[in-house]
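For reference, final_11.txt is printed below; it contains compact mmCIF, C-alpha atoms.
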```
# COMPACT_ATOMS: atom_id res chain seq x y z
CA MET A 17 -56.16 10.33 104.92
CA SER A 18 -53.00 11.66 106.58
CA LEU A 19 -49.55 11.50 105.08
CA VAL A 20 -49.16 9.93 101.67
CA PHE A 21 -45.51 10.89 101.16
CA ALA A 22 -42.57 11.93 103.33
CA GLY A 23 -38.99 12.65 102.49
CA VAL A 24 -36.03 14.97 102.88
CA CYS A 25 -33.78 16.79 100.46
CA SER A 26 -31.12 19.47 100.21
CA HIS A 27 -31.90 23.05 99.22
CA ALA A 28 -28.59 24.90 98.86
CA PRO A 29 -28.74 27.81 96.40
CA GLY A 30 -25.72 26.54 94.49
CA ILE A 31 -27.75 23.49 93.42
CA THR A 32 -29.47 25.69 90.84
CA GLY A 33 -27.41 28.88 90.90
CA ARG A 34 -23.97 27.32 90.35
CA SER A 35 -25.00 24.16 88.50
CA GLU A 36 -22.56 24.68 85.62
CA ARG A 37 -19.59 24.64 88.03
CA ALA A 38 -20.27 21.16 89.46
CA ASP A 39 -18.85 17.86 88.24
CA PRO A 40 -21.49 16.94 85.63
CA ALA A 41 -21.52 13.22 86.49
CA VAL A 42 -22.27 13.76 90.19
CA ARG A 43 -24.57 16.71 89.56
CA ASP A 44 -26.67 14.82 87.02
CA ALA A 45 -26.98 11.80 89.31
CA PHE A 46 -28.21 14.16 92.05
CA TYR A 47 -30.70 15.81 89.72
CA ALA A 48 -31.89 12.33 88.67
CA ALA A 49 -32.53 11.45 92.31
CA PHE A 50 -34.53 14.67 92.70
CA ASP A 51 -36.54 13.67 89.64
CA ARG A 52 -37.15 10.21 91.06
CA MET A 53 -38.46 11.94 94.18
CA ARG A 54 -40.73 14.11 91.99
CA GLN A 55 -42.17 11.01 90.36
CA ALA A 56 -42.75 9.32 93.72
CA LEU A 57 -44.40 12.46 95.02
CA GLU A 58 -46.70 12.64 91.99
CA GLU A 59 -47.58 8.95 92.29
CA ALA A 60 -48.67 9.59 95.88
CA ARG A 61 -51.30 12.04 94.48
CA PRO A 62 -51.06 14.60 97.28
CA ASP A 63 -53.57 17.42 97.63
CA VAL A 64 -51.01 19.58 99.37
CA LEU A 65 -47.29 19.65 100.13
CA ILE A 66 -45.97 20.72 103.52
CA VAL A 67 -42.37 21.94 103.22
CA VAL A 68 -40.53 21.99 106.54
CA GLY A 69 -37.65 24.31 105.78
CA ALA A 70 -35.04 26.51 107.35
CA GLU A 71 -35.19 29.93 105.77
CA HIS A 72 -32.29 32.33 105.79
CA PHE A 73 -33.47 35.78 106.94
CA ALA A 74 -35.94 36.20 104.09
CA ASN A 75 -39.01 36.79 106.26
CA PHE A 76 -37.87 36.42 109.83
CA PHE A 77 -35.25 38.44 111.66
CA MET A 78 -33.98 38.80 115.19
CA ASN A 79 -36.52 41.56 115.91
CA ASN A 80 -39.23 38.91 116.24
CA MET A 81 -37.91 35.43 115.48
CA PRO A 82 -40.38 32.55 115.75
CA ALA A 83 -39.02 29.16 116.77
CA ILE A 84 -41.50 27.56 114.37
CA CYS A 85 -43.78 29.39 111.97
CA VAL A 86 -46.38 27.92 109.61
CA GLY A 87 -47.66 29.70 106.53
CA MET A 88 -51.38 30.42 106.24
CA ALA A 89 -51.48 32.45 103.03
CA GLU A 90 -53.61 32.23 99.89
CA HIS A 91 -50.43 32.32 97.90
CA TYR A 92 -46.71 32.81 98.28
CA GLU A 93 -44.02 34.33 96.10
CA GLY A 94 -40.47 33.34 95.41
CA PRO A 95 -37.62 33.39 95.08
CA ILE A 96 -36.89 36.47 97.15
CA GLU A 97 -33.31 36.31 95.87
CA ASP A 98 -32.13 37.69 92.55
CA GLU A 99 -33.56 35.41 89.85
CA ALA A 100 -30.29 35.20 87.94
CA TRP A 101 -28.29 34.48 91.12
CA LEU A 102 -30.51 31.51 91.96
CA ALA A 103 -31.37 30.62 88.34
CA ILE A 104 -35.03 30.26 89.29
CA LYS A 105 -37.65 32.60 87.86
CA ARG A 106 -39.86 34.47 90.32
CA ARG A 107 -43.44 33.26 90.47
CA ARG A 108 -46.52 32.85 92.63
CA ILE A 109 -47.08 29.54 94.45
CA PRO A 110 -50.56 28.51 95.60
CA GLY A 111 -51.21 28.06 99.32
CA ALA A 112 -53.88 26.12 101.21
CA PRO A 113 -55.11 28.66 103.78
CA LYS A 114 -58.06 26.72 105.18
CA LEU A 115 -56.05 23.55 105.72
CA SER A 116 -53.16 25.60 107.11
CA ARG A 117 -55.40 27.27 109.65
CA GLU A 118 -56.92 23.99 110.80
CA LEU A 119 -53.59 22.18 111.01
CA ILE A 120 -52.07 25.07 112.96
CA GLN A 121 -54.97 25.05 115.39
CA GLU A 122 -54.60 21.32 115.92
CA VAL A 123 -50.82 21.35 116.31
CA MET A 124 -51.12 24.15 118.86
CA SER A 125 -52.66 21.64 121.25
CA ASP A 126 -49.11 20.32 121.64
CA ILE A 127 -46.66 22.92 120.30
CA ASP A 128 -46.80 26.72 120.29
CA LEU A 129 -46.60 28.05 116.74
CA ALA A 130 -46.38 31.36 114.98
CA TYR A 131 -48.26 31.77 111.72
CA ALA A 132 -47.83 34.03 108.71
CA GLU A 133 -50.25 35.12 106.00
CA GLU A 134 -47.42 36.70 104.04
CA TRP A 135 -44.26 34.85 103.13
CA LYS A 136 -41.63 35.18 100.45
CA PHE A 137 -39.90 31.91 99.71
CA ASP A 138 -36.12 31.91 99.56
CA HIS A 139 -33.90 29.18 98.13
CA GLY A 140 -34.71 27.00 101.13
CA ILE A 141 -38.12 26.25 99.63
CA MET A 142 -37.70 27.33 96.00
CA VAL A 143 -34.88 24.92 95.17
CA PRO A 144 -36.88 21.85 96.30
CA LEU A 145 -40.00 23.12 94.48
CA HIS A 146 -37.96 23.73 91.33
CA PHE A 147 -37.26 20.00 91.17
CA LEU A 148 -40.30 18.47 92.87
CA THR A 149 -43.21 20.58 91.63
CA PRO A 150 -41.80 22.17 88.48
CA ARG A 151 -45.26 23.33 87.34
CA TYR A 152 -45.80 25.02 90.73
CA ASP A 153 -49.39 23.80 90.71
CA LEU A 154 -49.43 21.84 93.99
CA PRO A 155 -50.61 23.94 96.96
CA VAL A 156 -47.83 24.40 99.49
CA ILE A 157 -47.87 24.96 103.25
CA PRO A 158 -44.48 26.30 104.32
CA VAL A 159 -43.09 25.63 107.76
CA ASN A 160 -40.02 27.40 109.04
CA ILE A 161 -37.91 26.15 111.90
CA ASN A 162 -35.44 28.82 112.95
CA CYS A 163 -32.04 27.27 112.33
CA GLN A 164 -30.15 30.53 111.76
CA GLY A 165 -30.40 32.85 114.72
CA PRO A 166 -29.79 31.29 118.15
CA PRO A 167 -31.34 30.61 120.59
CA LEU A 168 -32.69 27.67 118.59
CA ILE A 169 -35.51 25.32 119.46
CA PRO A 170 -34.17 22.11 121.08
CA LEU A 171 -34.08 19.00 118.92
CA HIS A 172 -36.56 17.05 121.03
CA ARG A 173 -39.09 19.83 120.41
CA CYS A 174 -38.54 19.47 116.67
CA TYR A 175 -39.34 15.77 116.96
CA GLU A 176 -42.43 16.65 119.03
CA PHE A 177 -43.50 19.17 116.41
CA GLY A 178 -43.27 16.41 113.80
CA ARG A 179 -45.38 14.12 115.96
CA ALA A 180 -47.97 16.83 116.47
CA LEU A 181 -48.05 17.59 112.76
CA ARG A 182 -48.62 13.91 112.04
CA ARG A 183 -51.47 13.73 114.54
CA ALA A 184 -53.06 16.77 112.92
CA CYS A 185 -52.64 15.27 109.44
CA ASP A 186 -54.10 11.95 110.58
CA ALA A 187 -57.36 13.71 111.40
CA ARG A 188 -57.71 15.21 107.91
CA PRO A 189 -59.40 13.88 104.78
CA GLU A 190 -56.77 15.43 102.48
CA ARG A 191 -53.82 13.52 101.05
CA ILE A 192 -50.83 15.31 102.52
CA ALA A 193 -47.16 15.12 101.54
CA VAL A 194 -44.37 16.44 103.73
CA ILE A 195 -40.74 17.09 102.93
CA GLY A 196 -38.03 18.37 105.19
CA THR A 197 -35.27 20.36 103.60
CA GLY A 198 -31.98 21.38 105.08
CA GLY A 199 -28.30 20.78 104.99
CA ILE A 200 -26.51 18.27 107.12
CA SER A 201 -22.92 19.40 107.75
CA HIS A 202 -22.05 22.58 105.90
CA TRP A 203 -20.56 26.01 106.37
CA PRO A 204 -22.66 27.99 103.89
CA ALA A 205 -21.94 31.56 102.85
CA THR A 206 -18.63 31.66 104.75
CA PRO A 207 -14.99 31.35 103.65
CA ASP A 208 -15.36 27.65 104.50
CA SER A 209 -18.15 27.19 101.97
CA GLY A 210 -17.58 23.84 100.29
CA ARG A 211 -16.32 22.15 103.44
CA ILE A 212 -18.42 19.04 104.14
CA ASN A 213 -17.99 16.46 106.91
CA GLU A 214 -19.07 13.34 105.04
CA ARG A 215 -18.48 11.01 107.99
CA TRP A 216 -20.72 13.14 110.21
CA ASP A 217 -23.36 13.33 107.49
CA ARG A 218 -23.47 9.58 106.92
CA GLU A 219 -23.68 8.89 110.65
CA PHE A 220 -26.55 11.32 111.01
CA LEU A 221 -28.34 9.90 107.96
CA GLU A 222 -28.07 6.38 109.36
CA LYS A 223 -29.78 7.49 112.57
CA PHE A 224 -32.37 9.49 110.65
CA LEU A 225 -33.23 6.70 108.21
CA ALA A 226 -33.58 4.22 111.09
CA ASN A 227 -35.66 6.88 112.89
CA ARG A 228 -33.82 6.37 116.16
CA ARG A 229 -35.35 9.22 118.13
CA GLU A 230 -33.09 9.06 121.16
CA GLU A 231 -29.96 9.25 119.03
CA LEU A 232 -31.34 12.03 116.85
CA ILE A 233 -32.27 14.28 119.74
CA ALA A 234 -28.97 13.58 121.53
CA TYR A 235 -27.02 15.87 119.18
CA ARG A 236 -25.76 18.96 121.00
CA ASP A 237 -25.64 22.26 119.15
CA ASP A 238 -22.13 23.13 120.35
CA GLU A 239 -20.80 19.81 119.01
CA THR A 240 -22.77 20.17 115.79
CA TRP A 241 -21.33 23.65 115.32
CA ARG A 242 -17.78 22.37 115.73
CA GLU A 243 -18.10 19.25 113.58
CA ALA A 244 -20.84 20.15 111.11
CA GLY A 245 -20.79 23.94 110.97
CA GLN A 246 -23.54 26.41 111.66
CA GLY A 247 -25.36 24.90 108.68
CA GLY A 248 -25.64 21.68 110.67
CA PHE A 249 -28.31 23.34 112.81
CA GLU A 250 -30.65 22.61 109.91
CA ILE A 251 -30.87 18.94 110.98
CA ARG A 252 -33.94 20.26 112.79
CA THR A 253 -35.92 19.95 109.57
CA PHE A 254 -34.95 16.28 109.17
CA ILE A 255 -35.76 15.58 112.81
CA ALA A 256 -39.23 17.09 112.40
CA VAL A 257 -39.84 14.70 109.49
CA ALA A 258 -38.58 11.84 111.65
CA GLY A 259 -41.16 12.84 114.25
CA ALA A 260 -43.89 12.95 111.60
CA THR A 261 -42.94 9.45 110.48
CA GLU A 262 -42.25 7.91 113.88
CA GLY A 263 -42.12 4.13 113.64
CA CYS A 264 -41.15 4.28 109.97
CA THR A 265 -37.75 3.96 108.36
CA GLY A 266 -36.39 5.48 105.20
CA ASP A 267 -34.26 4.84 102.15
CA LEU A 268 -31.36 6.95 100.99
CA TRP A 269 -31.79 7.67 97.29
CA PHE A 270 -28.75 9.93 96.97
CA TYR A 271 -25.92 11.31 99.03
CA ALA A 272 -22.73 12.87 97.74
CA PRO A 273 -20.70 15.88 98.82
CA ILE A 274 -20.74 18.48 96.03
CA PRO A 275 -18.46 21.25 97.32
CA ILE A 276 -19.52 23.93 94.82
CA PHE A 277 -23.08 23.37 96.06
CA ALA A 278 -21.68 23.80 99.59
CA VAL A 279 -23.45 20.75 101.01
CA GLY A 280 -23.62 16.97 101.07
CA CYS A 281 -26.43 16.64 98.56
CA THR A 282 -29.16 14.39 99.86
CA VAL A 283 -32.42 12.83 98.72
CA ALA A 284 -34.17 10.34 101.01
CA VAL A 285 -37.70 9.02 101.25
CA MET A 286 -39.47 7.54 104.25
CA GLY A 287 -41.52 4.36 103.92
CA LEU A 288 -44.95 5.12 105.37
CA LYS A 289 -46.97 2.47 107.14
CA SER A 290 -50.21 4.42 106.96
CA SER A 291 -53.15 2.77 105.27
CA ALA A 292 -53.51 5.97 103.31
CA VAL A 293 -50.59 5.22 101.03
CA MET B 6 -20.75 47.91 117.96
CA SER B 7 -24.28 47.74 116.65
CA LEU B 8 -24.13 44.46 114.77
CA TYR B 9 -27.84 43.97 115.19
CA TYR B 10 -28.65 47.17 113.30
CA THR B 11 -26.02 46.51 110.64
CA GLN B 12 -27.59 43.13 109.95
CA LYS B 13 -31.07 44.61 110.09
CA LEU B 14 -30.30 47.21 107.44
CA LEU B 15 -28.77 44.57 105.14
CA TYR B 16 -31.74 42.23 105.76
CA GLN B 17 -34.13 45.02 104.82
CA LEU B 18 -32.12 45.89 101.72
CA ASN B 19 -32.14 42.24 100.64
CA ARG B 20 -35.93 42.03 100.72
CA ASP B 21 -37.13 45.54 99.82
CA PRO B 22 -36.62 46.85 96.25
CA ALA B 23 -37.71 50.38 97.29
CA LEU B 24 -35.02 50.48 99.97
CA ARG B 25 -32.45 49.29 97.45
CA ARG B 26 -33.39 52.23 95.20
CA ARG B 27 -32.97 54.52 98.20
CA LEU B 28 -29.50 53.09 98.77
CA GLU B 29 -28.60 53.91 95.17
CA GLN B 30 -30.05 57.42 95.27
CA ASP B 31 -29.44 58.57 98.84
CA MET B 32 -26.97 56.26 100.53
CA GLU B 33 -25.71 58.87 103.00
CA GLY B 34 -29.23 59.76 104.09
CA LEU B 35 -30.10 56.12 104.61
CA LEU B 36 -26.92 55.41 106.55
CA ALA B 37 -27.40 58.51 108.70
CA GLU B 38 -30.84 57.28 109.80
CA SER B 39 -29.49 53.93 111.01
CA GLU B 40 -28.00 53.27 114.43
CA LEU B 41 -24.54 52.46 113.13
CA THR B 42 -20.99 53.25 114.05
CA ASP B 43 -18.75 55.11 111.60
CA GLU B 44 -16.93 51.84 110.89
CA GLU B 45 -20.19 50.09 110.09
CA ARG B 46 -21.30 52.93 107.80
CA ARG B 47 -18.00 52.78 105.98
CA ALA B 48 -18.23 48.99 105.58
CA ILE B 49 -21.69 49.27 104.04
CA ARG B 50 -20.81 52.32 101.94
CA GLU B 51 -17.72 50.95 100.21
CA PRO B 52 -18.83 48.06 100.55
CA ASP B 53 -16.15 46.28 102.55
CA ILE B 54 -17.55 42.75 102.52
CA GLY B 55 -14.56 41.39 104.42
CA LEU B 56 -15.04 43.87 107.25
CA LEU B 57 -18.76 43.12 107.45
CA TYR B 58 -17.91 39.43 107.74
CA VAL B 59 -15.32 40.09 110.46
CA MET B 60 -17.85 42.23 112.33
CA GLY B 61 -20.03 39.12 112.52
CA VAL B 62 -22.68 39.71 109.87
CA ASN B 63 -24.40 36.39 109.12
CA GLY B 64 -23.39 35.02 105.73
CA GLN B 65 -26.98 34.27 104.83
CA ILE B 66 -27.54 38.03 104.92
CA LEU B 67 -24.12 39.08 103.67
CA MET B 68 -23.99 36.89 100.54
CA HIS B 69 -27.12 38.55 99.12
CA PHE B 70 -25.87 42.05 99.93
CA ALA B 71 -22.56 41.15 98.26
CA ALA B 72 -24.36 39.85 95.16
CA MET B 73 -26.45 43.02 95.10
CA ARG B 74 -23.26 45.07 95.08
CA GLY B 75 -21.80 43.07 92.21
CA TYR B 76 -19.75 40.37 93.90
CA GLU B 77 -19.63 37.11 91.94
CA TRP B 78 -19.59 33.99 94.15
CA SER B 79 -15.83 33.38 94.15
CA ALA B 80 -15.17 37.09 94.69
CA TYR B 81 -17.52 37.03 97.67
CA LEU B 82 -15.65 34.13 99.27
CA GLU B 83 -12.31 35.80 98.58
CA ALA B 84 -13.49 39.10 100.06
CA MET B 85 -14.28 37.36 103.36
CA ARG B 86 -10.86 35.69 103.40
CA GLU B 87 -9.20 39.04 102.72
CA GLY B 88 -11.25 40.54 105.52
CA GLU B 89 -9.94 37.99 108.00
CA HIS B 90 -6.38 38.62 106.79
CA ARG B 91 -6.72 42.38 107.07
CA TYR B 92 -8.89 42.83 110.15
CA GLY B 93 -8.27 39.64 112.11
CA PRO B 94 -10.65 36.87 113.15
CA VAL B 95 -14.41 37.29 113.27
CA ARG B 96 -15.23 39.35 116.33
CA THR B 97 -18.60 37.96 117.37
CA GLY B 98 -21.48 35.75 116.34
CA LEU B 99 -21.66 32.32 114.76
CA TYR B 100 -18.38 32.52 112.89
CA THR B 101 -15.89 33.07 115.66
CA ARG B 102 -13.27 30.44 115.05
CA ALA B 103 -13.71 27.03 116.61
CA GLU B 104 -10.80 25.21 118.12
CA GLY B 105 -8.80 23.33 115.57
CA ARG B 106 -10.53 24.87 112.60
```

As structure tokens, please, write out the structure in this file.
Amino acid sequence: MSLVFAGVCSHAPGITGRSERADPAVRDAFYAAFDRMRQALEEARPDVLIVVGAEHFANFFMNNMPAICVGMAEHYEGPIEDEAWLAIKRRRIPGAPKLSRELIQEVMSDIDLAYAEEWKFDHGIMVPLHFLTPRYDLPVIPVNINCQGPPLIPLHRCYEFGRALRRACDARPERIAVIGTGGISHWPATPDSGRINERWDREFLEKFLANRREELIAYRDDETWREAGQGGFEIRTFIAVAGATEGCTGDLWFYAPIPIFAVGCTVAVMGLKSSAV
Amino acid sequence: MSLYYTQKLLYQLNRDPALRRRLEQDMEGLLAESELTDEERRAIREPDIGLLYVMGVNGQILMHFAAMRGYEWSAYLEAMREGEHRYGPVRTGLYTRAEGR
């Protein structure tokens, strides 16, 4: 059946944890876009949701850092952060271990992966789930692309991973949804938190939504770091979704810089050409 | 400098409630077991969030340690700014200042 839904969204912890400090008009429009994405996801009737995220030293550290890791657990738990700090209550989230195992095996024909049967979700996955699967009843397969601790996987490999994931999904009977979640330009958790390069973000989003592979993989990390901050390394998650939806284009449902959330808040959905939709 | 081990201890504290209890009950014992310099032990002990930032601790690790030690969001940001003012620019890692920043 393959992919029945694909999109991208932001995941910054301030989106839930500092909600009362944002401009209500912009914040509520962003939340409404998230809810529109939830409805679209539900209408696609997925059996499972793959979340391609960029965690922040919740499970993986520089003692053994995988470039890409896929979850293979019966269930997950999150958030790992203080519940009050993130304003999301800790809970268990169902996994899909059999499908995970088989997808991992298939993807490994093209891309080396790590896997994990134990995984605590941080805000990078919990914030999207808070909005998109508020009942936490849809099985999740987490994917982490290391975007925090260099050396980082090159962008063209992220696109290839997306392609490989798509090929693996195409061979499955399940209805599979995939979202990528990361920041575009941002300087999170630093004194520059709240700085956002809107011009850079919009330029990147244009390339992403048009799925122009060559332009997406042409970004250089040193330039991204200078113009979009260390948080800009998380474009890897978007590029993986672009690879998984190669040949398709997307629609931007929301973009606005919200400095107290420390990111240009984004919701976008890809139009899938698959007969499965 | 043993930035790696400083970050590792904070990473472990962020994700392990038992280790957090140990920090509360036997901080000196815990710090003595870690491969840290005296400056790093002092920064964790006080805590001196600004110094940890200047040492190069990743903010994705530091912001949770700061919250654990009672720093509200704005206070956390201010502590890092004070650290740069007091100790100078970030010494190593992702946050060394870019040209023109």

Residue neighbourhood stretch 274-287 of chain A, 8 Å, only C-alpha atoms, exclusion window fewer than 5 positions, as a PyMOL selection string: chain A and resi 21-26+28-31+34-35+37-38+42-43+46+49-50+53+199-204+209-212+214+217+225+261+264-269

Residues within 6 Å of B:Gly55, all atoms listed in the file, excluding chain neighbours under 5 positions, as a PyMOL selection string: chain B and resi 84-85+88

Distance of atom CA of A:Met88 from atom CA of A:Lys114, expressed in Å to one decimal place: 7.7 Å

Within 7 Å of A:Cys174 using all atoms listed in the file, minus same-chain residues under 2 positions, as a count of residues only: 9

Neighbours of chain B in chain A at 7 Å, counting only C-alpha atoms, as a list in words: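 My answer is His72, Phe73, Ala74, Ile96, Ala205, Thr206, Pro207, Arg242 and Gln246 of chain A.
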
Interatomic distance (Å, one decimal) between atom CA of A:Gly165 and atom CA of A:Val86: 17.5 Å

Pairwise distance for atom CA of A:Leu181 and atom CA of A:Tyr152, rounded to one decimal in Å: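 Going from atom CA of A:Leu181 over to atom CA of A:Tyr152, I get 23.4 Å.
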
Shell of 12 Å around B:Arg50, all atoms listed in the file, local chain residues under 5 positions omitted, as a PyMOL selection string: chain B and resi 11+15+28-29+31-37+41+43-45+56-57+70-71+74

Residue nearest A:Leu19 among A:Val194, A:Val68, A:Arg52, A:Ile157 (counting only C-alpha atoms): A:Val194

Given all atoms listed in the file as the counted atoms, nearest of A:Gly196, A:Tyr175, A:Ile104, A:Ala260 to A:Glu231: A:Tyr175

Taking all atoms of stretch 254-257 of chain A that appear in the file, build a box with edges along x, y and z, extend it by 5 Å on every side, and state its centre and edge lengths in Å to one decimal, as AutoDock Vina command-line options.
```
--center_x -37.4 --center_y 15.9 --center_z 111.0 --size_x 14.9 --size_y 12.4 --size_z 13.6
```

Nearby residues (all atoms listed in the file) at most 8 Å from B:Arg96, same-chain spacing under 5 positions excluded, as a PyMOL selection string: chain B and resi 59-61+101

For A:Pro189, the nearest of the candidates A:Leu115, A:Phe224, A:Asp44, A:Tyr235, counting all atoms listed in the file: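 Ranking A:Leu115, A:Phe224, A:Asp44, A:Tyr235 by distance to A:Pro189, first place goes to A:Leu115.
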
Kindly output stretch 29-53 of chain B as a PDB file, in the coordinates of the input, after building N, CA and C atoms.
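The result, stored in result11.pdb:
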```
ATOM      1  N   GLU B  29     -29.268  53.417  96.379  1.00  0.00           N
ATOM      2  CA  GLU B  29     -28.600  53.910  95.170  1.00  0.00           C
ATOM      3  C   GLU B  29     -28.671  55.431  95.081  1.00  0.00           C
ATOM      4  N   GLN B  30     -29.806  55.996  95.499  1.00  0.00           N
ATOM      5  CA  GLN B  30     -30.050  57.420  95.270  1.00  0.00           C
ATOM      6  C   GLN B  30     -29.642  58.306  96.448  1.00  0.00           C
ATOM      7  N   ASP B  31     -29.685  57.746  97.651  1.00  0.00           N
ATOM      8  CA  ASP B  31     -29.440  58.570  98.840  1.00  0.00           C
ATOM      9  C   ASP B  31     -28.774  57.713  99.929  1.00  0.00           C
ATOM     10  N   MET B  32     -27.626  57.168  99.588  1.00  0.00           N
ATOM     11  CA  MET B  32     -26.970  56.260 100.530  1.00  0.00           C
ATOM     12  C   MET B  32     -26.632  56.965 101.838  1.00  0.00           C
ATOM     13  N   GLU B  33     -26.119  58.181 101.767  1.00  0.00           N
ATOM     14  CA  GLU B  33     -25.710  58.870 103.000  1.00  0.00           C
ATOM     15  C   GLU B  33     -26.894  59.138 103.897  1.00  0.00           C
ATOM     16  N   GLY B  34     -28.026  59.512 103.292  1.00  0.00           N
ATOM     17  CA  GLY B  34     -29.230  59.760 104.090  1.00  0.00           C
ATOM     18  C   GLY B  34     -29.696  58.501 104.789  1.00  0.00           C
ATOM     19  N   LEU B  35     -29.666  57.396 104.049  1.00  0.00           N
ATOM     20  CA  LEU B  35     -30.100  56.120 104.610  1.00  0.00           C
ATOM     21  C   LEU B  35     -29.171  55.687 105.746  1.00  0.00           C
ATOM     22  N   LEU B  36     -27.879  55.821 105.526  1.00  0.00           N
ATOM     23  CA  LEU B  36     -26.920  55.410 106.550  1.00  0.00           C
ATOM     24  C   LEU B  36     -27.018  56.297 107.795  1.00  0.00           C
ATOM     25  N   ALA B  37     -27.315  57.574 107.573  1.00  0.00           N
ATOM     26  CA  ALA B  37     -27.400  58.510 108.700  1.00  0.00           C
ATOM     27  C   ALA B  37     -28.592  58.172 109.606  1.00  0.00           C
ATOM     28  N   GLU B  38     -29.635  57.597 109.018  1.00  0.00           N
ATOM     29  CA  GLU B  38     -30.840  57.280 109.800  1.00  0.00           C
ATOM     30  C   GLU B  38     -30.649  56.034 110.659  1.00  0.00           C
ATOM     31  N   SER B  39     -29.647  55.214 110.331  1.00  0.00           N
ATOM     32  CA  SER B  39     -29.490  53.930 111.010  1.00  0.00           C
ATOM     33  C   SER B  39     -28.572  54.078 112.222  1.00  0.00           C
ATOM     34  N   GLU B  40     -28.824  53.255 113.215  1.00  0.00           N
ATOM     35  CA  GLU B  40     -28.000  53.270 114.430  1.00  0.00           C
ATOM     36  C   GLU B  40     -26.730  52.495 114.185  1.00  0.00           C
ATOM     37  N   LEU B  41     -25.773  53.136 113.511  1.00  0.00           N
ATOM     38  CA  LEU B  41     -24.540  52.460 113.130  1.00  0.00           C
ATOM     39  C   LEU B  41     -23.343  53.264 113.593  1.00  0.00           C
ATOM     40  N   THR B  42     -22.249  52.563 113.773  1.00  0.00           N
ATOM     41  CA  THR B  42     -20.990  53.250 114.050  1.00  0.00           C
ATOM     42  C   THR B  42     -20.392  53.745 112.734  1.00  0.00           C
ATOM     43  N   ASP B  43     -19.406  54.620 112.816  1.00  0.00           N
ATOM     44  CA  ASP B  43     -18.750  55.110 111.600  1.00  0.00           C
ATOM     45  C   ASP B  43     -18.123  53.955 110.822  1.00  0.00           C
ATOM     46  N   GLU B  44     -17.549  52.996 111.554  1.00  0.00           N
ATOM     47  CA  GLU B  44     -16.930  51.840 110.890  1.00  0.00           C
ATOM     48  C   GLU B  44     -17.975  51.031 110.132  1.00  0.00           C
ATOM     49  N   GLU B  45     -19.128  50.861 110.745  1.00  0.00           N
ATOM     50  CA  GLU B  45     -20.190  50.090 110.090  1.00  0.00           C
ATOM     51  C   GLU B  45     -20.708  50.832 108.859  1.00  0.00           C
ATOM     52  N   ARG B  46     -20.852  52.149 108.970  1.00  0.00           N
ATOM     53  CA  ARG B  46     -21.300  52.930 107.800  1.00  0.00           C
ATOM     54  C   ARG B  46     -20.285  52.814 106.671  1.00  0.00           C
ATOM     55  N   ARG B  47     -19.039  52.889 107.008  1.00  0.00           N
ATOM     56  CA  ARG B  47     -18.000  52.780 105.980  1.00  0.00           C
ATOM     57  C   ARG B  47     -18.043  51.403 105.313  1.00  0.00           C
ATOM     58  N   ALA B  48     -18.213  50.357 106.125  1.00  0.00           N
ATOM     59  CA  ALA B  48     -18.230  48.990 105.580  1.00  0.00           C
ATOM     60  C   ALA B  48     -19.399  48.796 104.614  1.00  0.00           C
ATOM     61  N   ILE B  49     -20.524  49.394 104.929  1.00  0.00           N
ATOM     62  CA  ILE B  49     -21.690  49.270 104.040  1.00  0.00           C
ATOM     63  C   ILE B  49     -21.503  50.159 102.818  1.00  0.00           C
ATOM     64  N   ARG B  50     -20.959  51.347 103.025  1.00  0.00           N
ATOM     65  CA  ARG B  50     -20.810  52.320 101.940  1.00  0.00           C
ATOM     66  C   ARG B  50     -19.893  51.804 100.845  1.00  0.00           C
ATOM     67  N   GLU B  51     -18.747  51.232 101.233  1.00  0.00           N
ATOM     68  CA  GLU B  51     -17.720  50.950 100.210  1.00  0.00           C
ATOM     69  C   GLU B  51     -18.132  49.943  99.133  1.00  0.00           C
ATOM     70  N   PRO B  52     -18.710  48.803  99.305  1.00  0.00           N
ATOM     71  CA  PRO B  52     -18.830  48.060 100.550  1.00  0.00           C
ATOM     72  C   PRO B  52     -17.538  47.311 100.843  1.00  0.00           C
ATOM     73  N   ASP B  53     -17.290  47.090 102.134  1.00  0.00           N
ATOM     74  CA  ASP B  53     -16.150  46.280 102.550  1.00  0.00           C
ATOM     75  C   ASP B  53     -16.727  44.962 103.090  1.00  0.00           C
TER      76      ASP B  53
END
```
